[in-house]
Structure formats: C-alpha cells, structure tokens
$ cat final.cif   # mmCIF, C-alpha atoms and all ligand atoms
data_final
loop_
_atom_site.label_atom_id
_atom_site.label_comp_id
_atom_site.auth_asym_id
_atom_site.auth_seq_id
_atom_site.Cartn_x
_atom_site.Cartn_y
_atom_site.Cartn_z
CA MET A 1216 0.00 0.00 0.00
CA THR A 1217 1.34 3.48 -0.82
CA ASP A 1218 1.51 6.18 1.85
CA GLU A 1219 -1.51 8.04 0.55
CA ALA A 1220 -4.04 5.17 0.74
CA LEU A 1221 -6.13 5.26 3.93
CA VAL A 1222 -7.62 1.87 3.28
CA GLU A 1223 -7.06 -0.65 0.56
CA LEU A 1224 -9.07 -3.78 -0.19
CA LYS A 1225 -7.65 -6.37 -2.50
CA GLN A 1226 -9.87 -9.17 -3.76
CA LEU A 1227 -11.84 -8.88 -0.52
CA THR A 1228 -14.39 -11.67 -0.15
CA VAL A 1229 -17.05 -12.29 2.50
CA SER A 1230 -19.15 -15.46 2.54
CA PHE A 1231 -21.91 -16.56 4.87
CA ASP A 1232 -21.99 -20.34 4.97
CA ASP A 1233 -21.60 -21.20 1.28
CA ARG A 1234 -23.00 -17.94 -0.03
CA THR A 1235 -20.56 -15.28 -1.20
CA VAL A 1236 -22.03 -11.81 -0.67
CA VAL A 1237 -18.88 -9.75 -1.30
CA ASP A 1238 -16.91 -11.22 -4.13
CA HIS A 1239 -13.27 -10.30 -4.84
CA VAL A 1240 -13.69 -6.56 -4.34
CA ASP A 1241 -10.80 -4.15 -4.93
CA LEU A 1242 -11.13 -0.69 -3.40
CA ARG A 1243 -8.68 2.03 -2.53
CA VAL A 1244 -9.56 5.18 -0.58
CA ARG A 1245 -7.23 8.14 -0.25
CA ARG A 1246 -7.54 11.45 1.57
CA GLY A 1247 -9.93 13.71 -0.28
CA ASP A 1248 -11.79 10.88 -2.01
CA ILE A 1249 -15.56 10.60 -1.79
CA ILE A 1250 -16.49 7.12 -2.90
CA THR A 1251 -20.13 6.11 -2.99
CA ILE A 1252 -21.20 2.50 -3.10
CA ILE A 1253 -24.46 1.87 -4.89
CA GLY A 1254 -26.21 -1.39 -5.70
CA PRO A 1255 -29.51 -3.23 -5.35
CA ASN A 1256 -30.86 -4.55 -2.06
CA GLY A 1257 -28.80 -7.44 -0.75
CA ALA A 1258 -25.83 -6.53 -2.97
CA GLY A 1259 -23.37 -6.68 -0.07
CA LYS A 1260 -22.90 -2.94 0.49
CA THR A 1261 -23.36 -2.95 4.26
CA THR A 1262 -21.32 -6.13 4.59
CA LEU A 1263 -18.50 -4.45 2.69
CA ILE A 1264 -18.41 -1.40 4.92
CA LYS A 1265 -18.68 -3.58 8.02
CA ALA A 1266 -15.52 -5.29 6.78
CA VAL A 1267 -13.85 -1.87 6.44
CA LEU A 1268 -14.94 -1.04 10.00
CA GLY A 1269 -13.38 -4.28 11.18
CA ILE A 1270 -16.63 -5.72 12.52
CA GLN A 1271 -17.16 -8.25 9.74
CA PRO A 1272 -14.68 -11.12 9.44
CA VAL A 1273 -13.53 -11.62 5.87
CA SER A 1274 -13.28 -14.95 4.09
CA GLY A 1275 -10.58 -14.03 1.60
CA GLY A 1276 -8.43 -11.29 0.14
CA SER A 1277 -6.84 -8.53 2.18
CA LEU A 1278 -7.77 -5.29 3.90
CA THR A 1279 -4.99 -2.88 4.77
CA MET A 1280 -5.40 0.27 6.86
CA ALA A 1281 -2.97 3.18 7.13
CA PRO A 1282 -1.20 3.01 10.50
CA GLY A 1283 -3.09 4.84 13.27
CA LEU A 1284 -6.14 5.37 11.06
CA THR A 1285 -9.15 6.87 12.87
CA ILE A 1286 -12.53 6.04 11.40
CA GLY A 1287 -15.72 7.99 12.05
CA TYR A 1288 -18.81 5.92 11.40
CA VAL A 1289 -22.30 7.23 10.72
CA PRO A 1290 -24.92 4.47 10.91
CA GLN A 1291 -28.18 4.49 8.95
CA HIS A 1292 -30.29 5.36 11.95
CA LEU A 1293 -29.96 6.55 15.48
CA THR A 1294 -31.54 3.80 17.56
CA LEU A 1295 -32.14 4.79 21.14
CA GLU A 1296 -34.39 3.44 23.83
CA THR A 1297 -37.39 5.81 23.64
CA THR A 1298 -38.00 5.66 27.37
CA LEU A 1299 -34.44 6.77 28.12
CA PRO A 1300 -34.23 10.58 28.11
CA ILE A 1301 -30.96 11.78 26.61
CA SER A 1302 -29.84 15.24 25.58
CA VAL A 1303 -27.66 16.08 22.60
CA ARG A 1304 -25.02 17.20 25.10
CA ARG A 1305 -25.00 13.85 26.90
CA PHE A 1306 -25.07 11.91 23.64
CA MET A 1307 -22.04 13.80 22.35
CA LEU A 1308 -20.11 13.49 25.62
CA LEU A 1309 -20.59 9.70 25.43
CA SER A 1310 -18.11 9.87 22.53
CA GLY A 1311 -15.47 10.48 25.20
CA ARG A 1312 -14.38 13.79 23.65
CA PRO A 1313 -14.20 17.01 25.71
CA GLN A 1314 -17.24 19.30 25.64
CA GLN A 1315 -15.50 21.98 23.55
CA GLU A 1316 -14.64 19.46 20.85
CA CYS A 1317 -18.21 18.18 20.90
CA LEU A 1318 -19.49 21.73 20.43
CA THR A 1319 -17.06 22.31 17.57
CA ALA A 1320 -18.25 19.14 15.85
CA LEU A 1321 -21.90 20.15 16.32
CA ALA A 1322 -21.09 23.57 14.85
CA GLN A 1323 -19.45 21.89 11.85
CA THR A 1324 -22.70 20.08 11.09
CA GLY A 1325 -24.87 23.12 11.88
CA VAL A 1326 -26.70 21.83 14.97
CA GLU A 1327 -24.81 23.40 17.89
CA HIS A 1328 -27.97 25.32 18.83
CA LEU A 1329 -29.53 21.97 19.78
CA PHE A 1330 -26.91 21.25 22.46
CA ASN A 1331 -29.45 21.15 25.29
CA ALA A 1332 -32.32 19.61 23.29
CA SER A 1333 -33.57 16.09 23.81
CA VAL A 1334 -32.32 13.73 21.11
CA HIS A 1335 -35.83 12.27 20.92
CA HIS A 1336 -37.22 15.63 19.80
CA LEU A 1337 -34.87 16.10 16.86
CA SER A 1338 -36.12 15.89 13.28
CA GLY A 1339 -34.79 13.20 10.92
CA GLY A 1340 -32.33 15.61 9.32
CA GLU A 1341 -31.15 16.93 12.70
CA LYS A 1342 -30.55 13.37 13.92
CA GLN A 1343 -28.41 12.63 10.86
CA ARG A 1344 -26.39 15.79 11.52
CA LEU A 1345 -25.98 14.77 15.15
CA LEU A 1346 -24.67 11.35 14.09
CA LEU A 1347 -22.29 13.05 11.69
CA ALA A 1348 -21.10 15.39 14.46
CA ARG A 1349 -20.45 12.42 16.75
CA ALA A 1350 -18.34 10.81 14.03
CA LEU A 1351 -16.47 14.10 13.45
CA ALA A 1352 -15.69 14.50 17.16
CA ARG A 1353 -13.26 11.61 16.69
CA ARG A 1354 -11.37 13.72 14.12
CA PRO A 1355 -11.49 10.92 11.62
CA ASP A 1356 -9.11 10.29 8.76
CA LEU A 1357 -11.86 8.27 7.15
CA LEU A 1358 -15.61 8.85 7.37
CA VAL A 1359 -17.80 5.83 6.70
CA LEU A 1360 -21.48 6.58 6.17
CA ASP A 1361 -24.26 4.04 5.70
CA GLU A 1362 -27.06 5.80 3.83
CA PRO A 1363 -26.56 9.12 5.62
CA ALA A 1364 -29.58 10.81 4.04
CA GLN A 1365 -32.15 8.18 4.93
CA GLY A 1366 -35.33 9.69 6.31
CA VAL A 1367 -34.26 13.17 5.25
CA ASP A 1368 -36.39 15.17 2.81
CA ILE A 1369 -35.08 15.95 -0.69
CA ASN A 1370 -33.79 19.46 0.15
CA GLY A 1371 -32.24 18.14 3.33
CA GLN A 1372 -30.55 15.34 1.37
CA ALA A 1373 -28.89 17.77 -1.02
CA ALA A 1374 -27.78 19.91 1.94
CA LEU A 1375 -26.36 16.84 3.70
CA TYR A 1376 -24.35 15.86 0.62
CA ASP A 1377 -23.04 19.42 0.36
CA LEU A 1378 -22.10 19.27 4.02
CA ILE A 1379 -20.23 15.98 3.55
CA ARG A 1380 -18.29 17.50 0.66
CA SER A 1381 -17.34 20.60 2.65
CA LEU A 1382 -16.33 18.49 5.67
CA ARG A 1383 -14.14 16.42 3.37
CA ASP A 1384 -12.46 19.65 2.22
CA GLU A 1385 -12.12 21.01 5.76
CA LEU A 1386 -10.80 17.81 7.36
CA ASN A 1387 -9.00 16.44 4.31
CA CYS A 1388 -10.41 13.03 5.17
CA GLY A 1389 -11.53 10.22 2.89
CA VAL A 1390 -15.22 9.34 2.66
CA ILE A 1391 -16.90 6.03 1.84
CA MET A 1392 -20.65 6.01 1.82
CA ILE A 1393 -23.54 3.85 0.77
CA SER A 1394 -26.43 5.54 -0.92
CA HIS A 1395 -29.68 4.61 -2.59
CA ASP A 1396 -30.33 8.17 -3.73
CA LEU A 1397 -28.99 7.62 -7.22
CA HIS A 1398 -29.86 11.08 -8.51
CA LEU A 1399 -28.02 12.78 -5.67
CA VAL A 1400 -25.09 10.39 -5.97
CA MET A 1401 -24.75 11.17 -9.64
CA ALA A 1402 -24.90 14.90 -9.01
CA ALA A 1403 -22.71 15.08 -5.91
CA THR A 1404 -20.18 12.26 -5.78
CA ASP A 1405 -16.62 11.99 -7.06
CA LYS A 1406 -16.47 8.27 -7.70
CA VAL A 1407 -19.11 5.58 -7.71
CA ILE A 1408 -18.75 1.85 -7.19
CA CYS A 1409 -21.65 -0.24 -8.38
CA LEU A 1410 -21.71 -3.39 -6.29
CA ASN A 1411 -23.73 -6.51 -6.91
CA GLN A 1412 -21.66 -8.96 -4.86
CA HIS A 1413 -18.76 -8.16 -7.20
CA VAL A 1414 -17.91 -4.70 -8.52
CA CYS A 1415 -20.07 -4.40 -11.67
CA CYS A 1416 -18.52 -1.12 -12.70
CA SER A 1417 -16.88 1.88 -11.13
CA GLY A 1418 -15.85 5.35 -12.15
CA TYR A 1419 -17.04 8.91 -12.39
CA PRO A 1420 -20.82 9.41 -12.27
CA GLU A 1421 -21.01 10.81 -15.79
CA ASP A 1422 -19.33 7.71 -17.20
CA ILE A 1423 -20.89 5.03 -15.05
CA SER A 1424 -24.48 5.70 -16.13
CA HIS A 1425 -23.49 4.67 -19.69
CA ASP A 1426 -21.76 1.48 -18.58
CA PRO A 1427 -23.56 -1.68 -19.82
CA ALA A 1428 -23.06 -3.30 -16.39
CA PHE A 1429 -24.77 -0.34 -14.72
CA ILE A 1430 -27.64 -0.46 -17.21
CA GLU A 1431 -28.00 -4.20 -16.61
CA THR A 1432 -28.11 -3.71 -12.84
CA PHE A 1433 -30.46 -0.74 -12.65
CA GLY A 1434 -32.28 -0.90 -16.00
CA GLN A 1435 -32.32 1.41 -19.00
CA PRO A 1436 -34.91 3.92 -17.68
CA VAL A 1437 -32.88 4.57 -14.53
CA ALA A 1438 -29.65 4.89 -16.51
CA GLU A 1439 -31.28 7.33 -18.94
CA SER A 1440 -32.72 9.44 -16.17
CA LEU A 1441 -29.28 9.65 -14.54
CA ALA A 1442 -27.24 10.23 -17.67
CA VAL A 1443 -28.61 13.75 -18.00
CA TYR A 1444 -27.10 14.90 -14.72
CA HIS A 1445 -23.65 15.41 -16.06
CA HIS A 1446 -24.45 16.62 -19.50
CA ARG A 1447 -22.25 19.71 -19.32
CA HIS A 1448 -23.07 22.38 -21.82
CA ASN A 1449 -20.40 24.27 -23.69
CA HIS A 1450 -22.93 26.54 -25.30
CA SER A 1451 -25.58 29.02 -24.26
CA HIS A 1452 -29.34 29.26 -24.47
CA ASP A 1453 -31.54 32.20 -25.18
CA LEU A 1454 -34.51 32.84 -22.95
CA HIS A 1455 -36.63 30.43 -25.02
CA GLY A 1456 -34.14 27.62 -24.46
CA ASP A 1457 -32.75 27.73 -28.01
CA VAL A 1458 -29.01 27.20 -28.43
CA VAL A 1459 -27.09 30.27 -29.46
CA SER A 1460 -23.49 30.73 -30.55
CA ASP A 1461 -21.08 31.56 -27.72
CA ASP A 1462 -19.77 34.42 -29.85
CA HIS A 1463 -23.05 36.26 -29.40
CA ASN A 1464 -24.22 35.31 -25.98
CA ASP A 1465 -24.57 38.72 -24.38
CA GLY A 1466 -27.44 38.59 -21.96
CA GLN A 1467 -27.90 34.84 -22.39
CA ALA A 1468 -27.72 32.20 -19.69
CA GLU A 1469 -24.70 29.90 -20.01
CA CYS A 1470 -25.21 26.30 -18.89
CA SER A 1471 -21.94 25.18 -17.42
CA HIS A 1472 -23.61 23.28 -14.56
CA ALA A 1473 -24.79 19.72 -14.42
CA SER A 1474 -28.31 19.83 -15.71
CA HIS A 1475 -31.44 17.93 -16.51
N1 LIG B 1 -24.59 -12.05 9.40
C1 LIG B 1 -25.15 -12.52 8.29
N2 LIG B 1 -25.40 -13.84 8.15
C2 LIG B 1 -25.93 -14.34 7.02
N3 LIG B 1 -26.26 -13.59 5.96
C3 LIG B 1 -26.03 -12.27 6.04
C4 LIG B 1 -25.47 -11.67 7.20
N4 LIG B 1 -25.35 -10.34 6.97
C5 LIG B 1 -25.81 -10.11 5.74
N5 LIG B 1 -26.22 -11.26 5.17
C6 LIG B 1 -26.76 -11.44 3.81
O1 LIG B 1 -25.83 -10.90 2.90
C7 LIG B 1 -26.50 -10.28 1.83
C8 LIG B 1 -25.97 -8.86 1.67
O2 LIG B 1 -26.45 -8.09 2.77
P1 LIG B 1 -26.08 -6.56 2.94
O3 LIG B 1 -26.77 -6.07 4.16
O4 LIG B 1 -24.61 -6.40 2.88
O5 LIG B 1 -26.74 -5.94 1.62
P2 LIG B 1 -26.96 -4.43 1.20
O6 LIG B 1 -26.39 -4.27 -0.17
O7 LIG B 1 -26.44 -3.51 2.24
O8 LIG B 1 -28.53 -4.39 1.11
P3 LIG B 1 -29.62 -3.22 1.37
O9 LIG B 1 -29.48 -2.24 0.22
O10 LIG B 1 -30.89 -3.95 1.29
O11 LIG B 1 -29.34 -2.59 2.70
C9 LIG B 1 -27.98 -10.33 2.14
O12 LIG B 1 -28.55 -11.37 1.37
C10 LIG B 1 -28.04 -10.63 3.62
O13 LIG B 1 -29.16 -11.41 3.94
#

$ encode --input "final.cif" --output "structure tokens" --more "lines below"
Ligand SMILES: Nc1ncnc2c1ncn2[C@@H]1O[C@H](COP(=O)(O)OP(=O)(O)OP(=O)(O)O)[C@@H](O)[C@H]1O
Amino acid sequence: MTDEALVELKQLTVSFDDRTVVDHVDLRVRRGDIITIIGPNGAGKTTLIKAVLGIQPVSGGSLTMAPGLTIGYVPQHLTLETTLPISVRRFMLLSGRPQQECLTALAQTGVEHLFNASVHHLSGGEKQRLLLARALARRPDLLVLDEPAQGVDINGQAALYDLIRSLRDELNCGVIMISHDLHLVMAATDKVICLNQHVCCSGYPEDISHDPAFIETFGQPVAESLAVYHHRHNHSHDLHGDVVSDDHNDGQAECSHASH
C-alpha cells in the first residue's frame, strides 16, 4: 500500500456459509476521495463497509489500513431506547471527547444550537447531523457513512451531501458512503462503485451511467434518467431555451452546470 491510501481492499471476499455476498472486491480510498457505493438490495454494500470497519470477518483477500487510522462511522439510523431521556449534550459526551470538541463538531454540522435539546425531539435531518457530528468529534481520517440521508427530505438530502463535501475539504479526510439516492449520488459524488456482490462497474458518475453493467443492474430507464445529470453544456441558451453561438451570448444564460 502506498503512503496516501487510507484503506485498501484487494480481492476482498465475504461469505456466509456457502454464499458469497462480497466477491473479490478491490477498493482504494485516499484522503480527499468521496467514494459512494451503490447497488440493489442485498448486494453486499453494508457487509463491505462492516468489513472496512473491522466488525465483519472476511473470508478471503486482504484489507490494509494506514497506521493509526481513525474512522468515524455514521450508521443508517440513530436507535435509542425511547423511554431513556438523553440530551444532545449527553449523547455527544458519550463519545469520550471534551465538551468543547463536541461543540465544535456540532457547529461543523450546523446543529450546535440543539446542544441542550432532547435527542428524541430532533427531526430526521437533525438526527443525521448529530450522528455526523459524533463521528467528526473523533477527528477521523476516514468517514464511513451508511445511507446518511435516509429519512431526510429531498432538500435536506442535497444539503447533507453538500455538508459531507465541505467536511471532506475542511478535514481532508476520505469518505466512503452507501447511498440509494442515485440522482443525488450522480450529481454530488466523485467516484461511484456499483456493487452486486462483485464490482459491476466503477468510475465517475457521468461515465458510469453509460456502462452496460450499470444499465443491466439498474435498468435502461434509470440509466437514462441519470445520464442527463452530467451533460455539461459548452454553449448558451436564449430565454426560449434555443441554443445560441457563444460568440453572441450577451445577456444569455450559459449552462456550465450539471443539468437535466
Ligand atoms: N450475518 C449474516 N449472516 C448471514 N447472511 C447475512 C449476514 N449479513 C448479511 N447477510 C446477507 O448478505 C446479503 C448482503 O447483505 P447486505 O446487508 O450487505 O446488503 P446491502 O447491499 O447492504 O442491502 P440493502 O441495500 O438492502 O441494505 C444479504 O442477502 C443478507 O441477507
């Protein structure tokens, strides 16, 4: 493994009894990477990240971590005993980090104003930000997120992805996440791995949606609806949507963004 890799999987395989659910997977995560794992239900995504977290024994291949690597993990849901009252403050202090660091982490995810609130009263999006803050309090080199935007509304999902990107920039950490929100993944991720036991295809979002293996896994309609996300224009439109020459685009709107 080179110095820059935080974690490297080579031909990693996990089997339950005789059934192989993660099949010879290669994966390499460096600082600054955001890698999103997509795939159908039962594809082995959670099993793969459990292996990265060291809580899932592997059946074959190798998993190498950078020495002294700190991982921050954000689970799908916050599961707490509903009869047990717990404040955000108490929940964060259970991470073992000093109060000031907990407050800093809560500020990074935009929920420091909820410090004295009951965790049970938080909205879905606030809970996800709290879980993210708890992971950040560990000052991770690698953030591992299992469907971080689950239960969050569509605007909140986009905001959460933006937050993850800015935290990656701020902390210079690597990020591995699982997501089912294919449209957001395609619009907001650096690199995508499509898993269906084995790695079907991987690459940049704009390329992967054209990959025959991706189309086979998710179907043509899904692939077509995603392909438009990274159609980057090099021309301009007039106010009726007609294409105009870039030589005469005064007052026109240029489309240099991902669009649909
Ligand atoms: N401890 C276990 N023992 C036996 N089978 C397991 C175990 N954990 C997971 N599996 C099986 O492995 C397969 C992959 O499960 P996994 O949770 O990794 O899929 P996933 O891609 O995360 O799915 P989903 O998108 O539905 O969350 C499933 O068929 C699951 O039943």

$ residues_around --input "final.cif" --residues "stretch 1411-1414 of chain A" --least-positions-apart "2" --cutoff "7 Å" --atoms "only C-alpha atoms" --output "VMD selection string"
chain A and resid 1236 to 1240 1254 to 1255 1258 to 1259 1408 to 1409 1416

$ closest_atom_pairs --input "final.cif" --of "chain A" --to "ligand LIG 1 (chain B)" --cutoff "10 Å" --atoms "all atoms listed in the file" --output "CSV"
residue,atom,partner,partner_atom,distance
A:Val1229,CA,B:LIG1,O1,8.9
A:Ser1230,CA,B:LIG1,O1,8.1
A:Phe1231,CA,B:LIG1,C2,5.1
A:Asp1232,CA,B:LIG1,C2,7.5
A:Asp1233,CA,B:LIG1,C2,9.9
A:Arg1234,CA,B:LIG1,N3,8.1
A:Thr1235,CA,B:LIG1,O1,8.0
A:Val1236,CA,B:LIG1,O1,5.3
A:Val1237,CA,B:LIG1,C8,7.7
A:Ile1252,CA,B:LIG1,O6,9.0
A:Ile1253,CA,B:LIG1,O6,8.0
A:Gly1254,CA,B:LIG1,O6,6.2
A:Pro1255,CA,B:LIG1,O9,5.7
A:Asn1256,CA,B:LIG1,O10,3.4
A:Gly1257,CA,B:LIG1,O5,3.5
A:Ala1258,CA,B:LIG1,O6,3.6
A:Gly1259,CA,B:LIG1,O4,3.2
A:Lys1260,CA,B:LIG1,O6,3.8
A:Thr1261,CA,B:LIG1,O7,3.7
A:Thr1262,CA,B:LIG1,O4,3.7
A:Leu1263,CA,B:LIG1,O4,6.4
A:Ile1264,CA,B:LIG1,O4,8.2
A:Lys1265,CA,B:LIG1,O4,8.3
A:Ala1266,CA,B:LIG1,O4,10.0
A:Gln1271,CA,B:LIG1,N1,8.4
A:Pro1272,CA,B:LIG1,N1,10.0
A:Gln1291,CA,B:LIG1,O11,9.5
A:Asp1361,CA,B:LIG1,O7,8.6
A:Glu1362,CA,B:LIG1,O11,8.8
A:Ile1393,CA,B:LIG1,O7,8.0
A:Ser1394,CA,B:LIG1,O9,8.4
A:His1395,CA,B:LIG1,O9,7.4
A:Leu1410,CA,B:LIG1,O6,7.8
A:Asn1411,CA,B:LIG1,O6,7.6
A:Gln1412,CA,B:LIG1,C8,7.8

$ closest_residue --input "final.cif" --among "A:Leu1397, A:Met1280, A:Ala1403, A:Val1367" --to "A:Phe1433" --atoms "only C-alpha atoms"
A:Leu1397

$ closest_residue --input "final.cif" --among "A:Ala1438, A:Val1267, A:Ala1352, A:Val1244" --to "A:Ser1424" --atoms "all atoms listed in the file"
A:Ala1438

$ axis_aligned_box --input "final.cif" --around "stretch 1248-1261 of chain A" --padding-each-side "5 Å" --output "lines of an AutoDock Vina configuration file"
center_x = -21.3
center_y = 1.7
center_z = -0.7
size_x = 29.1
size_y = 28.3
size_z = 20.0

$ atom_distance --input "final.cif" --atom1 "atom CA of A:Ile1301" --atom2 "atom CA of A:Leu1347"
17.3 Å

$ atom_distance --input "final.cif" --atom1 "atom CA of A:Gly1418" --atom2 "atom CA of A:Asp1405"
8.4 Å

$ residues_near_point --input "final.cif" --point "(-26.4, 20.8, 26.6)" --cutoff "8 Å" --atoms "all atoms listed in the file" --output "mmCIF file with C-alpha atoms, keeping the file's coordinate frame"
data_model
loop_
_atom_site.group_PDB
_atom_site.id
_atom_site.type_symbol
_atom_site.label_atom_id
_atom_site.label_comp_id
_atom_site.auth_asym_id
_atom_site.auth_seq_id
_atom_site.Cartn_x
_atom_site.Cartn_y
_atom_site.Cartn_z
ATOM 1 C CA SER A 1302 -29.840 15.240 25.580
ATOM 2 C CA VAL A 1303 -27.660 16.080 22.600
ATOM 3 C CA ARG A 1304 -25.020 17.200 25.100
ATOM 4 C CA ARG A 1305 -25.000 13.850 26.900
ATOM 5 C CA LEU A 1329 -29.530 21.970 19.780
ATOM 6 C CA PHE A 1330 -26.910 21.250 22.460
ATOM 7 C CA ASN A 1331 -29.450 21.150 25.290
ATOM 8 C CA ALA A 1332 -32.320 19.610 23.290
#

$ residues_around --input "final.cif" --residues "A:Ser1338" --least-positions-apart "6" --cutoff "12 Å" --atoms "all atoms listed in the file" --output "JSON list (two decimals) with C-alpha atoms, keeping the file's coordinate frame"
[["chain", "number", "residue", "atom", "x", "y", "z"],
["A", 1293, "LEU", "CA", -29.96, 6.55, 15.48],
["A", 1326, "VAL", "CA", -26.70, 21.83, 14.97],
["A", 1329, "LEU", "CA", -29.53, 21.97, 19.78],
["A", 1332, "ALA", "CA", -32.32, 19.61, 23.29],
["A", 1344, "ARG", "CA", -26.39, 15.79, 11.52],
["A", 1345, "LEU", "CA", -25.98, 14.77, 15.15],
["A", 1366, "GLY", "CA", -35.33, 9.69, 6.31],
["A", 1367, "VAL", "CA", -34.26, 13.17, 5.25],
["A", 1368, "ASP", "CA", -36.39, 15.17, 2.81],
["A", 1371, "GLY", "CA", -32.24, 18.14, 3.33]]

$ decode --input "final.cif" --residues "stretch 1225-1271 of chain A" --atoms "C-alpha atoms" --output "PDB file, in the first residue's frame"
ATOM      1  CA  LYS A1225      -7.648  -6.372  -2.504  1.00  0.00           C
ATOM      2  CA  GLN A1226      -9.870  -9.167  -3.761  1.00  0.00           C
ATOM      3  CA  LEU A1227     -11.839  -8.885  -0.515  1.00  0.00           C
ATOM      4  CA  THR A1228     -14.389 -11.669  -0.150  1.00  0.00           C
ATOM      5  CA  VAL A1229     -17.048 -12.292   2.498  1.00  0.00           C
ATOM      6  CA  SER A1230     -19.148 -15.456   2.535  1.00  0.00           C
ATOM      7  CA  PHE A1231     -21.915 -16.559   4.867  1.00  0.00           C
ATOM      8  CA  ASP A1232     -21.989 -20.337   4.969  1.00  0.00           C
ATOM      9  CA  ASP A1233     -21.597 -21.204   1.283  1.00  0.00           C
ATOM     10  CA  ARG A1234     -22.999 -17.937  -0.026  1.00  0.00           C
ATOM     11  CA  THR A1235     -20.564 -15.279  -1.200  1.00  0.00           C
ATOM     12  CA  VAL A1236     -22.035 -11.812  -0.669  1.00  0.00           C
ATOM     13  CA  VAL A1237     -18.879  -9.749  -1.299  1.00  0.00           C
ATOM     14  CA  ASP A1238     -16.914 -11.220  -4.127  1.00  0.00           C
ATOM     15  CA  HIS A1239     -13.270 -10.298  -4.841  1.00  0.00           C
ATOM     16  CA  VAL A1240     -13.689  -6.556  -4.342  1.00  0.00           C
ATOM     17  CA  ASP A1241     -10.800  -4.151  -4.926  1.00  0.00           C
ATOM     18  CA  LEU A1242     -11.128  -0.691  -3.400  1.00  0.00           C
ATOM     19  CA  ARG A1243      -8.683   2.028  -2.525  1.00  0.00           C
ATOM     20  CA  VAL A1244      -9.563   5.180  -0.581  1.00  0.00           C
ATOM     21  CA  ARG A1245      -7.225   8.136  -0.247  1.00  0.00           C
ATOM     22  CA  ARG A1246      -7.543  11.449   1.574  1.00  0.00           C
ATOM     23  CA  GLY A1247      -9.933  13.715  -0.283  1.00  0.00           C
ATOM     24  CA  ASP A1248     -11.790  10.876  -2.011  1.00  0.00           C
ATOM     25  CA  ILE A1249     -15.560  10.600  -1.790  1.00  0.00           C
ATOM     26  CA  ILE A1250     -16.490   7.119  -2.899  1.00  0.00           C
ATOM     27  CA  THR A1251     -20.128   6.109  -2.995  1.00  0.00           C
ATOM     28  CA  ILE A1252     -21.203   2.502  -3.098  1.00  0.00           C
ATOM     29  CA  ILE A1253     -24.465   1.869  -4.895  1.00  0.00           C
ATOM     30  CA  GLY A1254     -26.210  -1.387  -5.705  1.00  0.00           C
ATOM     31  CA  PRO A1255     -29.506  -3.225  -5.350  1.00  0.00           C
ATOM     32  CA  ASN A1256     -30.858  -4.554  -2.061  1.00  0.00           C
ATOM     33  CA  GLY A1257     -28.805  -7.442  -0.753  1.00  0.00           C
ATOM     34  CA  ALA A1258     -25.832  -6.528  -2.972  1.00  0.00           C
ATOM     35  CA  GLY A1259     -23.365  -6.681  -0.075  1.00  0.00           C
ATOM     36  CA  LYS A1260     -22.897  -2.940   0.494  1.00  0.00           C
ATOM     37  CA  THR A1261     -23.356  -2.952   4.261  1.00  0.00           C
ATOM     38  CA  THR A1262     -21.322  -6.134   4.591  1.00  0.00           C
ATOM     39  CA  LEU A1263     -18.497  -4.451   2.692  1.00  0.00           C
ATOM     40  CA  ILE A1264     -18.412  -1.397   4.924  1.00  0.00           C
ATOM     41  CA  LYS A1265     -18.677  -3.582   8.019  1.00  0.00           C
ATOM     42  CA  ALA A1266     -15.517  -5.292   6.781  1.00  0.00           C
ATOM     43  CA  VAL A1267     -13.854  -1.869   6.440  1.00  0.00           C
ATOM     44  CA  LEU A1268     -14.944  -1.043   9.999  1.00  0.00           C
ATOM     45  CA  GLY A1269     -13.378  -4.285  11.181  1.00  0.00           C
ATOM     46  CA  ILE A1270     -16.634  -5.718  12.516  1.00  0.00           C
ATOM     47  CA  GLN A1271     -17.158  -8.247   9.736  1.00  0.00           C
TER      48      GLN A1271
END
